[in-house]
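Chemist: One file: start_38.cif (mmCIF, C-alpha atoms).
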data_final
#
loop_
_atom_site.label_atom_id
_atom_site.label_comp_id
_atom_site.auth_asym_id
_atom_site.auth_seq_id
_atom_site.Cartn_x
_atom_site.Cartn_y
_atom_site.Cartn_z
CA MET Q 23 9.16 -31.55 -22.27
CA ALA Q 24 6.10 -29.83 -23.71
CA SER Q 25 5.20 -30.64 -27.26
CA ALA Q 26 6.09 -28.26 -30.09
CA ARG Q 27 2.45 -27.39 -30.56
CA GLU Q 28 1.95 -26.43 -26.92
CA MET Q 29 5.05 -24.30 -27.02
CA ARG Q 30 3.89 -22.51 -30.13
CA LEU Q 31 0.65 -21.60 -28.38
CA ARG Q 32 2.53 -20.41 -25.32
CA ILE Q 33 4.79 -18.17 -27.40
CA LYS Q 34 1.82 -16.69 -29.12
CA SER Q 35 0.03 -15.88 -25.89
CA VAL Q 36 3.11 -14.27 -24.37
CA LYS Q 37 3.53 -12.18 -27.49
CA ASN Q 38 -0.08 -11.07 -27.22
CA ILE Q 39 0.43 -10.05 -23.63
CA SER Q 40 3.50 -8.04 -24.54
CA GLN Q 41 1.49 -6.22 -27.18
CA VAL Q 42 -1.10 -5.27 -24.62
CA THR Q 43 1.48 -4.10 -22.11
CA ARG Q 44 3.29 -2.10 -24.75
CA ALA Q 45 0.05 -0.40 -25.74
CA LEU Q 46 -0.68 0.42 -22.10
CA GLU Q 47 2.82 1.81 -21.75
CA THR Q 48 2.32 4.13 -24.70
CA VAL Q 49 -1.02 5.30 -23.38
CA SER Q 50 0.43 5.98 -19.95
CA ALA Q 51 3.37 7.81 -21.48
CA SER Q 52 1.07 10.31 -23.13
CA LYS Q 53 -1.13 10.58 -20.04
CA VAL Q 54 1.83 11.16 -17.80
CA ARG Q 55 3.00 14.02 -19.97
CA LYS Q 56 -0.36 15.74 -19.67
CA ALA Q 57 -0.51 15.08 -15.96
CA ILE Q 58 2.97 16.50 -15.44
CA ASN Q 59 2.00 19.66 -17.26
CA ALA Q 60 -1.03 20.02 -15.03
CA VAL Q 61 1.02 19.49 -11.89
CA MET Q 62 3.73 21.92 -12.89
CA ALA Q 63 1.20 24.57 -13.88
CA THR Q 64 -0.51 24.66 -10.51
CA ARG Q 65 2.45 23.84 -8.33
CA SER Q 66 3.68 27.40 -7.90
CA TYR Q 67 0.22 28.66 -6.97
CA ALA Q 68 -0.34 25.85 -4.52
CA THR Q 69 3.08 26.29 -2.96
CA LYS Q 70 2.54 30.02 -2.52
CA ALA Q 71 -0.92 29.48 -1.12
CA TRP Q 72 0.46 27.01 1.38
CA GLN Q 73 3.13 29.51 2.35
CA VAL Q 74 0.56 32.22 2.93
CA LEU Q 75 -1.53 29.85 5.02
CA ARG Q 76 1.47 29.02 7.14
CA HIS Q 77 2.31 32.67 7.58
CA VAL Q 78 -1.23 33.26 8.74
CA ALA Q 79 -1.00 30.33 11.12
CA GLY Q 80 2.36 31.57 12.33
CA GLN Q 81 0.96 34.73 13.82
CA PRO Q 82 0.86 35.23 17.54
CA GLY Q 83 -2.48 34.26 19.06
CA ARG Q 84 -3.38 32.14 16.06
CA SER Q 85 -6.06 30.13 17.80
CA SER Q 86 -8.29 33.13 18.22
CA LEU Q 87 -8.00 34.10 14.57
CA HIS Q 88 -10.15 31.49 12.92
CA PRO Q 89 -11.90 28.25 13.90
CA LEU Q 90 -9.83 26.31 11.37
CA LEU Q 91 -6.60 27.36 13.05
CA VAL Q 92 -7.55 26.17 16.51
CA GLN Q 93 -5.24 23.52 17.85
CA ARG Q 94 -7.53 21.28 19.89
CA ASP Q 95 -6.10 20.09 23.18
CA ILE Q 96 -7.66 16.66 23.11
CA VAL Q 97 -7.77 14.81 19.85
CA ASN Q 98 -10.69 12.40 19.83
CA ASN Q 99 -10.91 11.56 16.16
CA SER Q 100 -8.60 11.80 13.19
CA LEU Q 101 -9.54 11.99 9.56
CA VAL Q 102 -7.24 10.82 6.79
CA LEU Q 103 -7.72 11.59 3.10
CA VAL Q 104 -6.10 8.83 1.08
CA VAL Q 105 -5.44 9.58 -2.57
CA THR Q 106 -4.99 6.56 -4.85
CA GLY Q 107 -5.88 5.60 -8.40
CA ASP Q 108 -9.07 4.10 -9.78
CA ARG Q 109 -7.27 1.38 -11.69
CA GLY Q 110 -4.66 -1.20 -10.98
CA LEU Q 111 -1.77 -2.41 -13.12
CA ALA Q 112 0.37 0.41 -11.85
CA GLY Q 113 3.01 -1.62 -10.07
CA ALA Q 114 3.06 -1.07 -6.34
CA TYR Q 115 1.54 2.41 -6.63
CA ASN Q 116 -1.81 1.82 -4.94
CA SER Q 117 -0.62 -0.67 -2.36
CA ASN Q 118 2.27 1.60 -1.41
CA VAL Q 119 -0.13 4.37 -0.49
CA VAL Q 120 -2.32 2.07 1.57
CA ARG Q 121 0.63 0.37 3.25
CA PHE Q 122 2.10 3.75 4.12
CA THR Q 123 -1.24 4.86 5.55
CA SER Q 124 -1.44 1.73 7.67
CA GLN Q 125 2.05 2.14 9.03
CA ARG Q 126 1.44 5.75 9.86
CA PHE Q 127 -2.01 5.57 11.40
CA ASP Q 128 -2.60 2.02 12.64
CA SER Q 129 -0.66 2.72 15.81
CA ASN Q 130 -2.83 5.79 16.51
CA THR Q 131 -4.52 5.63 19.86
CA VAL Q 132 -7.52 7.64 18.69
CA PRO Q 133 -10.06 6.33 16.19
CA VAL Q 134 -9.20 7.15 12.60
CA LYS Q 135 -11.74 7.74 9.86
CA TYR Q 136 -10.86 7.67 6.20
CA ILE Q 137 -11.95 9.44 3.07
CA ALA Q 138 -10.89 7.49 0.01
CA VAL Q 139 -10.11 9.28 -3.21
CA GLY Q 140 -9.80 6.59 -5.86
CA ARG Q 141 -11.45 3.20 -6.12
CA LYS Q 142 -8.36 1.09 -5.45
CA GLY Q 143 -7.66 2.86 -2.21
CA ARG Q 144 -11.24 2.49 -1.10
CA ASP Q 145 -11.23 -1.25 -1.80
CA LEU Q 146 -7.92 -1.83 -0.07
CA LEU Q 147 -8.93 0.22 2.97
CA ILE Q 148 -12.24 -1.58 3.31
CA ARG Q 149 -10.51 -4.93 2.98
CA ARG Q 150 -8.28 -3.94 5.86
CA GLY Q 151 -11.38 -3.16 7.89
CA LYS Q 152 -10.95 0.61 8.03
CA LYS Q 153 -13.80 3.00 8.57
CA VAL Q 154 -14.28 4.76 5.25
CA ILE Q 155 -16.78 7.59 5.61
CA ALA Q 156 -16.69 8.89 2.05
CA ASP Q 157 -15.44 7.78 -1.30
CA PHE Q 158 -14.55 9.93 -4.28
CA SER Q 159 -13.95 7.63 -7.22
CA ASN Q 160 -13.87 8.07 -10.95
CA LEU Q 161 -12.37 11.51 -10.92
CA PRO Q 162 -11.86 12.73 -14.47
CA ALA Q 163 -8.37 12.72 -15.90
CA ALA Q 164 -6.87 16.17 -15.45
CA PRO Q 165 -9.63 17.29 -13.06
CA SER Q 166 -10.43 20.95 -12.64
CA PHE Q 167 -10.47 22.60 -9.25
CA SER Q 168 -14.23 22.42 -9.04
CA ASP Q 169 -14.12 18.64 -9.59
CA VAL Q 170 -12.22 18.08 -6.38
CA SER Q 171 -13.17 21.05 -4.23
CA ALA Q 172 -15.95 18.97 -2.67
CA ILE Q 173 -13.33 16.74 -1.08
CA GLY Q 174 -11.66 19.61 0.68
CA ARG Q 175 -14.99 21.08 1.68
CA LEU Q 176 -16.04 17.79 3.27
CA ALA Q 177 -12.84 17.67 5.29
CA VAL Q 178 -13.28 21.27 6.42
CA ASP Q 179 -16.93 20.63 7.35
CA GLU Q 180 -16.07 17.56 9.39
CA PHE Q 181 -13.42 19.53 11.22
CA LYS Q 182 -15.67 22.51 11.83
CA ALA Q 183 -18.48 20.32 13.12
CA GLY Q 184 -16.08 18.85 15.64
CA LYS Q 185 -16.50 15.31 14.32
CA VAL Q 186 -12.76 15.14 13.80
CA ASP Q 187 -9.98 17.07 15.48
CA GLU Q 188 -7.25 16.72 12.92
CA VAL Q 189 -7.11 16.02 9.22
CA TYR Q 190 -4.25 14.44 7.32
CA LEU Q 191 -3.69 14.01 3.63
CA VAL Q 192 -1.84 11.01 2.22
CA PHE Q 193 -0.80 11.23 -1.42
CA THR Q 194 2.03 10.41 -3.76
CA SER Q 195 4.11 13.38 -4.71
CA PHE Q 196 5.64 13.32 -8.13
CA VAL Q 197 9.41 13.82 -8.17
CA ASN Q 198 10.30 12.52 -11.60
CA MET Q 199 9.43 9.67 -13.92
CA GLY Q 200 11.35 7.14 -11.88
CA ARG Q 201 10.59 8.45 -8.43
CA GLN Q 202 7.32 9.06 -6.64
CA VAL Q 203 7.19 9.53 -2.92
CA THR Q 204 4.26 8.69 -0.68
CA THR Q 205 3.79 11.70 1.53
CA VAL Q 206 1.65 12.68 4.49
CA LYS Q 207 0.67 16.27 5.14
CA LYS Q 208 -1.30 17.66 8.04
CA LEU Q 209 -4.13 19.72 6.61
CA LEU Q 210 -6.06 20.87 9.66
CA PRO Q 211 -5.37 22.48 11.98
CA LEU Q 212 -2.48 24.06 10.16
CA GLU Q 213 0.77 22.75 11.47
CA LEU Q 214 3.83 24.88 11.70
CA GLU Q 215 6.81 22.93 10.57
CA GLY Q 216 9.30 23.88 13.25
CA GLU Q 217 9.41 27.18 15.02
CA GLY Q 218 11.54 28.77 12.32
CA LEU Q 219 8.55 30.26 10.63
CA VAL Q 220 7.33 32.15 13.66
CA LYS Q 221 10.81 33.54 14.11
CA ASP Q 222 10.97 34.56 10.46
CA PHE Q 223 7.71 36.33 10.70
CA ASN Q 224 8.69 38.31 13.76
CA HIS Q 225 12.12 38.98 12.43
CA ALA Q 226 10.76 40.35 9.22
CA SER Q 227 8.23 42.57 10.89
CA ASN Q 228 10.13 43.68 13.97
CA GLY Q 229 8.32 42.24 16.91
CA PRO Q 230 5.24 40.18 17.59
CA ALA Q 231 2.89 43.15 17.46
CA ALA Q 232 3.26 43.46 13.71
CA ALA Q 233 0.81 40.78 12.68
CA TYR Q 234 -1.21 41.20 9.51
CA GLU Q 235 -3.47 44.02 8.71
CA TYR Q 236 -6.52 42.73 6.89
CA GLU Q 237 -8.56 44.22 4.12
CA PRO Q 238 -11.53 44.21 4.03
CA ASP Q 239 -11.49 42.62 7.47
CA MET Q 240 -9.95 39.61 9.11
CA ARG Q 241 -13.04 37.42 9.36
CA VAL Q 242 -14.04 37.88 5.74
CA ILE Q 243 -10.66 37.23 4.29
CA LEU Q 244 -9.72 34.30 6.51
CA ASP Q 245 -13.13 32.73 5.94
CA GLU Q 246 -12.44 33.06 2.26
CA ILE Q 247 -8.89 31.85 1.99
CA ILE Q 248 -8.43 29.19 4.63
CA PRO Q 249 -11.08 26.76 3.35
CA ARG Q 250 -10.17 27.51 -0.25
CA PHE Q 251 -6.46 27.08 0.16
CA THR Q 252 -7.07 23.91 2.11
CA ALA Q 253 -9.15 22.58 -0.76
CA LEU Q 254 -6.40 23.70 -3.09
CA GLN Q 255 -3.90 21.51 -1.25
CA VAL Q 256 -6.21 18.57 -1.86
CA TYR Q 257 -6.44 19.51 -5.52
CA GLN Q 258 -2.69 19.69 -5.84
CA ALA Q 259 -2.37 16.34 -4.07
CA VAL Q 260 -4.79 14.78 -6.54
CA LEU Q 261 -2.83 16.14 -9.50
CA GLU Q 262 0.46 14.95 -8.05
CA SER Q 263 -1.02 11.54 -7.39
CA GLN Q 264 -2.37 11.25 -10.91
CA ALA Q 265 0.98 12.09 -12.43
CA SER Q 266 2.60 9.57 -10.11
CA GLU Q 267 0.04 6.92 -10.99
CA HIS Q 268 0.61 7.27 -14.72
CA ALA Q 269 4.37 7.30 -14.26
CA ALA Q 270 4.19 4.21 -12.06
CA ARG Q 271 1.97 2.44 -14.58
CA MET Q 272 4.23 3.34 -17.43
CA ILE Q 273 7.28 1.93 -15.65
CA ALA Q 274 5.37 -1.18 -14.59
CA MET Q 275 4.19 -1.78 -18.15
CA ARG Q 276 7.65 -1.21 -19.56
CA ASN Q 277 9.02 -3.82 -17.18
CA ALA Q 278 6.23 -6.20 -18.14
CA THR Q 279 7.00 -5.71 -21.83
CA ASP Q 280 10.70 -6.33 -21.24
CA ASN Q 281 9.97 -9.46 -19.24
CA ALA Q 282 7.64 -10.73 -21.94
CA LYS Q 283 10.32 -10.22 -24.57
CA GLU Q 284 12.81 -12.15 -22.50
CA LEU Q 285 10.31 -14.94 -21.98
CA VAL Q 286 9.53 -15.12 -25.67
CA GLY Q 287 13.26 -15.40 -26.40
CA ALA Q 288 13.70 -18.29 -23.99
CA LEU Q 289 10.59 -20.08 -25.23
CA GLN Q 290 11.58 -19.60 -28.85
CA LEU Q 291 14.96 -21.17 -28.18
CA ALA Q 292 13.39 -24.16 -26.45
CA TYR Q 293 10.81 -24.47 -29.22
CA ASN Q 294 13.50 -24.43 -31.91
CA LYS Q 295 15.38 -27.17 -30.10
CA VAL Q 296 12.25 -29.32 -29.89
CA ARG Q 297 11.48 -28.71 -33.53
CA GLN Q 298 15.04 -29.53 -34.58
CA GLN Q 299 14.90 -32.70 -32.50
CA GLY Q 300 11.69 -33.69 -34.26
CA ILE Q 301 13.21 -33.16 -37.70
CA THR Q 302 16.31 -35.13 -36.75
CA ASN Q 303 14.14 -37.98 -35.54
CA ASP Q 304 12.13 -37.95 -38.74
CA ILE Q 305 15.28 -38.06 -40.88
CA LEU Q 306 16.66 -40.92 -38.81
CA ASP Q 307 13.40 -42.82 -39.32
CA ILE Q 308 13.50 -42.26 -43.08
CA VAL Q 309 17.16 -43.19 -43.37
CA GLY Q 310 16.55 -46.26 -41.19
CA GLY Q 311 13.59 -47.26 -43.33
CA ALA Q 312 15.49 -46.75 -46.57
CA GLU Q 313 18.43 -48.87 -45.31
CA ALA Q 314 16.07 -51.63 -44.24
CA LEU Q 315 14.56 -51.69 -47.73
CA ALA Q 316 18.02 -51.62 -49.39
CA ALA Q 317 19.23 -54.54 -47.23
CA LYS Q 318 16.51 -56.84 -48.62
CA MET J 18 15.80 49.23 -2.01
CA THR J 19 13.44 46.96 -3.79
CA ILE J 20 10.64 44.64 -2.89
CA ARG J 21 10.16 41.23 -4.39
CA CYS J 22 6.94 40.76 -6.29
CA GLU J 23 5.50 37.40 -7.28
CA ILE J 24 2.27 37.14 -9.21
CA VAL J 25 0.94 33.63 -9.67
CA SER J 26 -2.34 32.63 -11.21
CA GLN J 27 -3.91 29.22 -10.78
CA ASP J 28 -2.22 27.85 -13.85
CA ARG J 29 1.17 29.57 -14.00
CA THR J 30 3.62 32.09 -12.62
CA VAL J 31 2.84 35.39 -14.31
CA PHE J 32 5.57 37.59 -12.91
CA THR J 33 8.50 37.45 -10.51
CA GLY J 34 11.04 40.16 -9.93
CA ASP J 35 12.45 42.79 -7.62
CA VAL J 36 10.62 46.07 -8.08
CA ASP J 37 10.34 49.55 -6.58
CA ILE J 38 6.59 49.68 -6.12
CA VAL J 39 3.56 47.45 -6.59
CA VAL J 40 0.08 48.91 -6.95
CA LEU J 41 -2.73 46.51 -6.09
CA PRO J 42 -6.50 46.74 -6.52
CA GLY J 43 -7.26 45.95 -2.87
CA ALA J 44 -10.73 45.31 -1.53
CA ALA J 45 -10.67 48.70 0.20
CA GLY J 46 -9.24 50.59 -2.76
CA GLU J 47 -5.96 50.88 -4.61
CA MET J 48 -2.91 50.36 -2.52
CA GLY J 49 0.69 51.12 -3.39
CA ILE J 50 3.18 48.82 -1.75
CA LEU J 51 6.70 50.06 -1.15
CA PRO J 52 9.55 48.09 0.38
CA LYS J 53 9.31 47.60 4.16
CA HIS J 54 5.54 47.75 4.06
CA SER J 55 3.94 46.27 7.16
CA PRO J 56 2.32 42.85 6.66
CA VAL J 57 -1.08 42.95 5.02
CA LEU J 58 -3.42 40.29 3.82
CA THR J 59 -5.94 41.65 1.38
CA ALA J 60 -8.58 40.42 -0.98
CA LEU J 61 -8.21 41.71 -4.53
CA LYS J 62 -10.91 43.09 -6.77
CA PHE J 63 -11.08 42.79 -10.51
CA GLY J 64 -8.57 45.33 -11.67
CA ILE J 65 -5.06 46.27 -12.63
CA ILE J 66 -1.78 45.51 -10.91
CA LYS J 67 1.03 47.88 -11.73
CA VAL J 68 4.62 47.03 -11.02
CA ARG J 69 7.36 49.63 -11.45
CA LYS J 70 11.09 49.15 -11.61
CA ASP J 71 13.53 51.93 -12.55
CA GLY J 72 10.75 54.00 -14.06
CA LYS J 73 9.63 51.13 -16.27
CA GLU J 74 6.17 49.88 -15.66
CA GLU J 75 4.51 46.53 -16.23
CA VAL J 76 0.75 46.25 -16.12
CA PHE J 77 -1.25 43.14 -15.31
CA THR J 78 -4.93 42.41 -15.18
CA VAL J 79 -6.14 40.47 -12.20
CA ALA J 80 -9.52 38.83 -11.83
CA GLY J 81 -9.79 38.70 -8.09
CA GLY J 82 -7.66 36.81 -5.63
CA VAL J 83 -5.60 37.48 -2.57
CA ALA J 84 -2.37 39.33 -1.94
CA GLU J 85 -0.02 38.81 0.95
CA VAL J 86 2.36 41.62 1.76
CA GLN J 87 5.45 41.06 3.84
CA PRO J 88 8.13 43.73 4.32
CA ASP J 89 10.34 42.17 1.67
CA ILE J 90 7.84 40.39 -0.60
CA VAL J 91 4.44 40.80 -2.16
CA THR J 92 2.75 37.56 -3.14
CA VAL J 93 -0.27 37.86 -5.40
CA LEU J 94 -2.43 34.76 -5.64
CA ALA J 95 -4.70 35.67 -8.50
CA ASP J 96 -7.71 33.71 -9.66
CA ALA J 97 -6.53 34.74 -13.12
CA ALA J 98 -3.85 37.19 -14.13
CA GLU J 99 -2.24 38.29 -17.34
CA ASN J 100 0.37 40.71 -18.52
CA VAL J 101 -1.38 43.35 -20.59
CA LYS J 102 1.22 42.84 -23.31
CA GLU J 103 0.12 39.24 -23.67
CA ILE J 104 -3.56 39.94 -24.07
CA ASP J 105 -4.89 38.98 -27.45
CA ILE J 106 -7.49 41.63 -28.23
CA ALA J 107 -9.32 39.60 -30.80
CA ARG J 108 -9.66 36.68 -28.43
CA ALA J 109 -10.73 38.84 -25.52
CA ASP J 110 -13.33 40.51 -27.68
CA ALA J 111 -14.64 37.20 -28.94
CA ALA J 112 -14.88 35.98 -25.35
CA ARG J 113 -16.83 39.10 -24.40
CA VAL J 114 -19.27 38.64 -27.25
CA ARG J 115 -19.70 34.98 -26.35
CA ALA J 116 -20.34 35.78 -22.71
CA GLU J 117 -22.83 38.53 -23.56
CA GLU J 118 -24.73 36.28 -25.92
CA ALA J 119 -24.89 33.53 -23.35
CA LEU J 120 -26.17 35.95 -20.72
CA ALA J 121 -28.70 37.43 -23.12
CA LYS J 122 -30.22 34.00 -23.71
CA GLY J 123 -31.60 34.15 -20.23
CA LEU J 124 -30.63 32.98 -16.82
CA PRO J 125 -29.40 29.43 -16.63
CA ALA J 126 -31.14 27.44 -13.95
CA ASP J 127 -27.85 26.69 -12.28
CA ASN J 128 -26.67 29.58 -10.14
CA ASP J 129 -23.04 28.49 -10.35
CA ALA J 130 -23.16 28.50 -14.13
CA TYR J 131 -24.64 31.98 -14.11
CA LEU J 132 -21.92 33.27 -11.82
CA ALA J 133 -19.25 31.65 -13.96
CA MET J 134 -20.65 33.32 -17.07
CA GLU J 135 -20.88 36.67 -15.39
CA ALA J 136 -17.31 36.34 -14.18
CA ALA J 137 -16.20 35.48 -17.69
CA LEU J 138 -17.87 38.60 -19.01
CA ARG J 139 -16.33 40.80 -16.34
CA LYS J 140 -12.96 39.26 -17.02
CA SER J 141 -13.04 39.89 -20.74
CA ASN J 142 -14.30 43.44 -20.24
CA LEU J 143 -11.46 44.03 -17.82
CA ARG J 144 -8.92 42.72 -20.27
CA LEU J 145 -10.22 44.90 -23.09
CA GLU J 146 -10.27 47.91 -20.84
CA ALA J 147 -6.70 47.23 -19.73
CA VAL J 148 -5.45 46.89 -23.29
CA ARG J 149 -7.24 50.08 -24.27
CA ARG J 150 -5.64 52.01 -21.45
CA TYR J 151 -2.23 50.43 -21.19
CA GLY J 152 -1.81 48.37 -24.29
CA LYS J 153 0.39 50.36 -26.66
CA THR J 154 1.69 53.40 -24.84
CA PRO J 155 1.74 52.98 -21.11
CA ARG J 156 0.18 56.05 -19.55
CA SER J 157 0.08 56.22 -15.82
CA PRO J 158 0.93 58.58 -12.99
CA TYR J 159 4.23 56.77 -12.56
CA SER J 160 5.58 56.56 -16.06
CA GLU J 161 5.92 60.31 -16.46
CA GLN J 162 8.73 60.72 -13.98
#
Could you render the structure from this file as structure tokens?
Modeler:
Amino acid sequence: MASAREMRLRIKSVKNISQVTRALETVSASKVRKAINAVMATRSYATKAWQVLRHVAGQPGRSSLHPLLVQRDIVNNSLVLVVTGDRGLAGAYNSNVVRFTSQRFDSNTVPVKYIAVGRKGRDLLIRRGKKVIADFSNLPAAPSFSDVSAIGRLAVDEFKAGKVDEVYLVFTSFVNMGRQVTTVKKLLPLELEGEGLVKDFNHASNGPAAAYEYEPDMRVILDEIIPRFTALQVYQAVLESQASEHAARMIAMRNATDNAKELVGALQLAYNKVRQQGITNDILDIVGGAEALAAK
Amino acid sequence: MTIRCEIVSQDRTVFTGDVDIVVLPGAAGEMGILPKHSPVLTALKFGIIKVRKDGKEEVFTVAGGVAEVQPDIVTVLADAAENVKEIDIARADAARVRAEEALAKGLPADNDAYLAMEAALRKSNLRLEAVRRYGKTPRSPYSEQ
């Protein structure tokens, strides 16, 4: 058994660790609140924008409407945007995203290129030998749209230039404090989820002829909204991921603090036993010594 | 017969409700949207959105954006939007003064910054104008009926 002194040191170090984890938990708790506010604020706009995009894509003859709506027959290259955090100590948050990405895209027959958003994701992807063509790290906390619009623009440019034929977005959507779900979304070309939408559109407007009228004109407005709304989806994904990251870190740190407390309890008990044993031994020695003197 | 109207700006939902008519500042001029309107996708100018329900009118400022019209719903995706009732005149005026001062100091080297400042000025002018016209007593072609 370890000596009392060693145990005292051990207890102290565990207590120190628990202080650090508790501090991190508190910090994450306040960050997560801010991040949730940001997510909730933009969610309705982003959802509506996505809806409008899908309505646009749901029109008859969509491929001729805009280059970003063209479904290419042969897919030669895929591009995946992977949104992770810049820091670790967030439980399985970062590795979940990368593992999910691997499971989803490793079996792809076409070459896949990656754009990493977040340092951890970049490092993990590179370690797995993936081709990372761009890296957006050190995004500010609570980024504004202009901070992340470059990411969406890059994806759109790559698609337009024909370097990639489809673009996916992998991020962690925030459900609640205890639940964050790694999600994949097809960004380009716009995917119609099921045929229901096309039916809805026609149903609502009595026949396929009633597609949109555009003001000022189709080109101008589609050129304006499709790239922007695509970038907006990236923005929303980043916000969701940040909220998820802070929530994950908070839970991880809470668990660490709880574990440390438990460990301190167990160590303290063992230490007390050792100490008590030492005192008992000392008393026995003294009593023994005193009796030996008295016997003389 | 009503049409659903949803106005969302980038940071919140400004208005949702079933209404009789929506008037939008479209890129090609004002457009009044009644229920069963054919689908339209339009860019929005800086201007005023009016929403009427049972003779009662709500007025919103909108600083550009897009509107999608479907027969049963109008979705306004505004870059910024506000109910005229919520506009704080003092704040809007202060913002206008700030923007004018900044512009008067000369052109910033950065084109983006210049555009942002100009947009801020236009926005605060729009808000003041809206409050002046619709703030206390709503006067409009529709509210007289």
Chemist: Counting all atoms listed in the file, a student should be able to say which residues of chain Q come within 6 Å of chain J; what is the right answer, written as a PDB file with C-alpha atoms, in the frame of the given file?
Modeler:
ATOM      1  CA  ALA Q  63       1.200  24.570 -13.880  1.00  0.00           C
ATOM      2  CA  THR Q  64      -0.510  24.660 -10.510  1.00  0.00           C
ATOM      3  CA  TYR Q  67       0.220  28.660  -6.970  1.00  0.00           C
ATOM      4  CA  TYR Q 234      -1.210  41.200   9.510  1.00  0.00           C
ATOM      5  CA  GLU Q 235      -3.470  44.020   8.710  1.00  0.00           C
ATOM      6  CA  TYR Q 236      -6.520  42.730   6.890  1.00  0.00           C
ATOM      7  CA  GLU Q 237      -8.560  44.220   4.120  1.00  0.00           C
ATOM      8  CA  PRO Q 238     -11.530  44.210   4.030  1.00  0.00           C
TER       9      PRO Q 238
END
Chemist: Do you know which residues the PyMOL selection byres ((chain J and resi 110) around 12) returns on this file, as a list in words?
Modeler: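 Listing what the PyMOL selection byres ((chain J and resi 110) around 12) selects in the shown file: Ile104, Asp105, Ile106, Ala107, Arg108, Ala109, Ala111, Ala112, Arg113, Val114, Arg115, Ala116, Glu117, Ala137, Leu138, Arg139, Lys140, Ser141, Asn142, Leu143, Arg144, Leu145, Glu146, Val148 and Arg149 of chain J.
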Chemist: Keeping only C-alpha atoms, write the selected residues to a file as a short mmCIF file (atom, residue, chain, number, x, y, z; two decimals), in the coordinates of the input.
Modeler:
data_model
loop_
_atom_site.label_atom_id
_atom_site.label_comp_id
_atom_site.auth_asym_id
_atom_site.auth_seq_id
_atom_site.Cartn_x
_atom_site.Cartn_y
_atom_site.Cartn_z
CA ILE J 104 -3.56 39.94 -24.07
CA ASP J 105 -4.89 38.98 -27.45
CA ILE J 106 -7.49 41.63 -28.23
CA ALA J 107 -9.32 39.60 -30.80
CA ARG J 108 -9.66 36.68 -28.43
CA ALA J 109 -10.73 38.84 -25.52
CA ALA J 111 -14.64 37.20 -28.94
CA ALA J 112 -14.88 35.98 -25.35
CA ARG J 113 -16.83 39.10 -24.40
CA VAL J 114 -19.27 38.64 -27.25
CA ARG J 115 -19.70 34.98 -26.35
CA ALA J 116 -20.34 35.78 -22.71
CA GLU J 117 -22.83 38.53 -23.56
CA ALA J 137 -16.20 35.48 -17.69
CA LEU J 138 -17.87 38.60 -19.01
CA ARG J 139 -16.33 40.80 -16.34
CA LYS J 140 -12.96 39.26 -17.02
CA SER J 141 -13.04 39.89 -20.74
CA ASN J 142 -14.30 43.44 -20.24
CA LEU J 143 -11.46 44.03 -17.82
CA ARG J 144 -8.92 42.72 -20.27
CA LEU J 145 -10.22 44.90 -23.09
CA GLU J 146 -10.27 47.91 -20.84
CA VAL J 148 -5.45 46.89 -23.29
CA ARG J 149 -7.24 50.08 -24.27
#
Chemist: Counting all atoms listed in the file, write as a ChimeraX atom specification all protein and nucleic acid residues lying at most 7 Å from (-1.5, 24.2, -2.5) in the file's frame.
Modeler: /Q:67-69,71-72,251,254-255,258
Chemist: The PyMOL selection byres ((chain Q and resi 173-185) around 8) - which residues does that actually catch in the file I just gave you? List them as number ranges by chain.
Modeler: Q: 89-90, 99, 101, 158, 170-172, 186-189, 210, 249, 252-254, 256
Chemist: Just so the selection is clear, what residues does the PyMOL selection byres ((chain Q and resi 136) around 10) cover here, as a list of chain:residue names?
Modeler: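 For this structure, the PyMOL selection byres ((chain Q and resi 136) around 10) resolves to Q:Ser100, Q:Leu101, Q:Val102, Q:Leu103, Q:Val104, Q:Val134, Q:Lys135, Q:Ile137, Q:Ala138, Q:Val139, Q:Arg144, Q:Leu147, Q:Ile148, Q:Lys152, Q:Lys153, Q:Val154, Q:Ile155, Q:Ala156, Q:Asp157, Q:Val189, Q:Tyr190, Q:Leu191.
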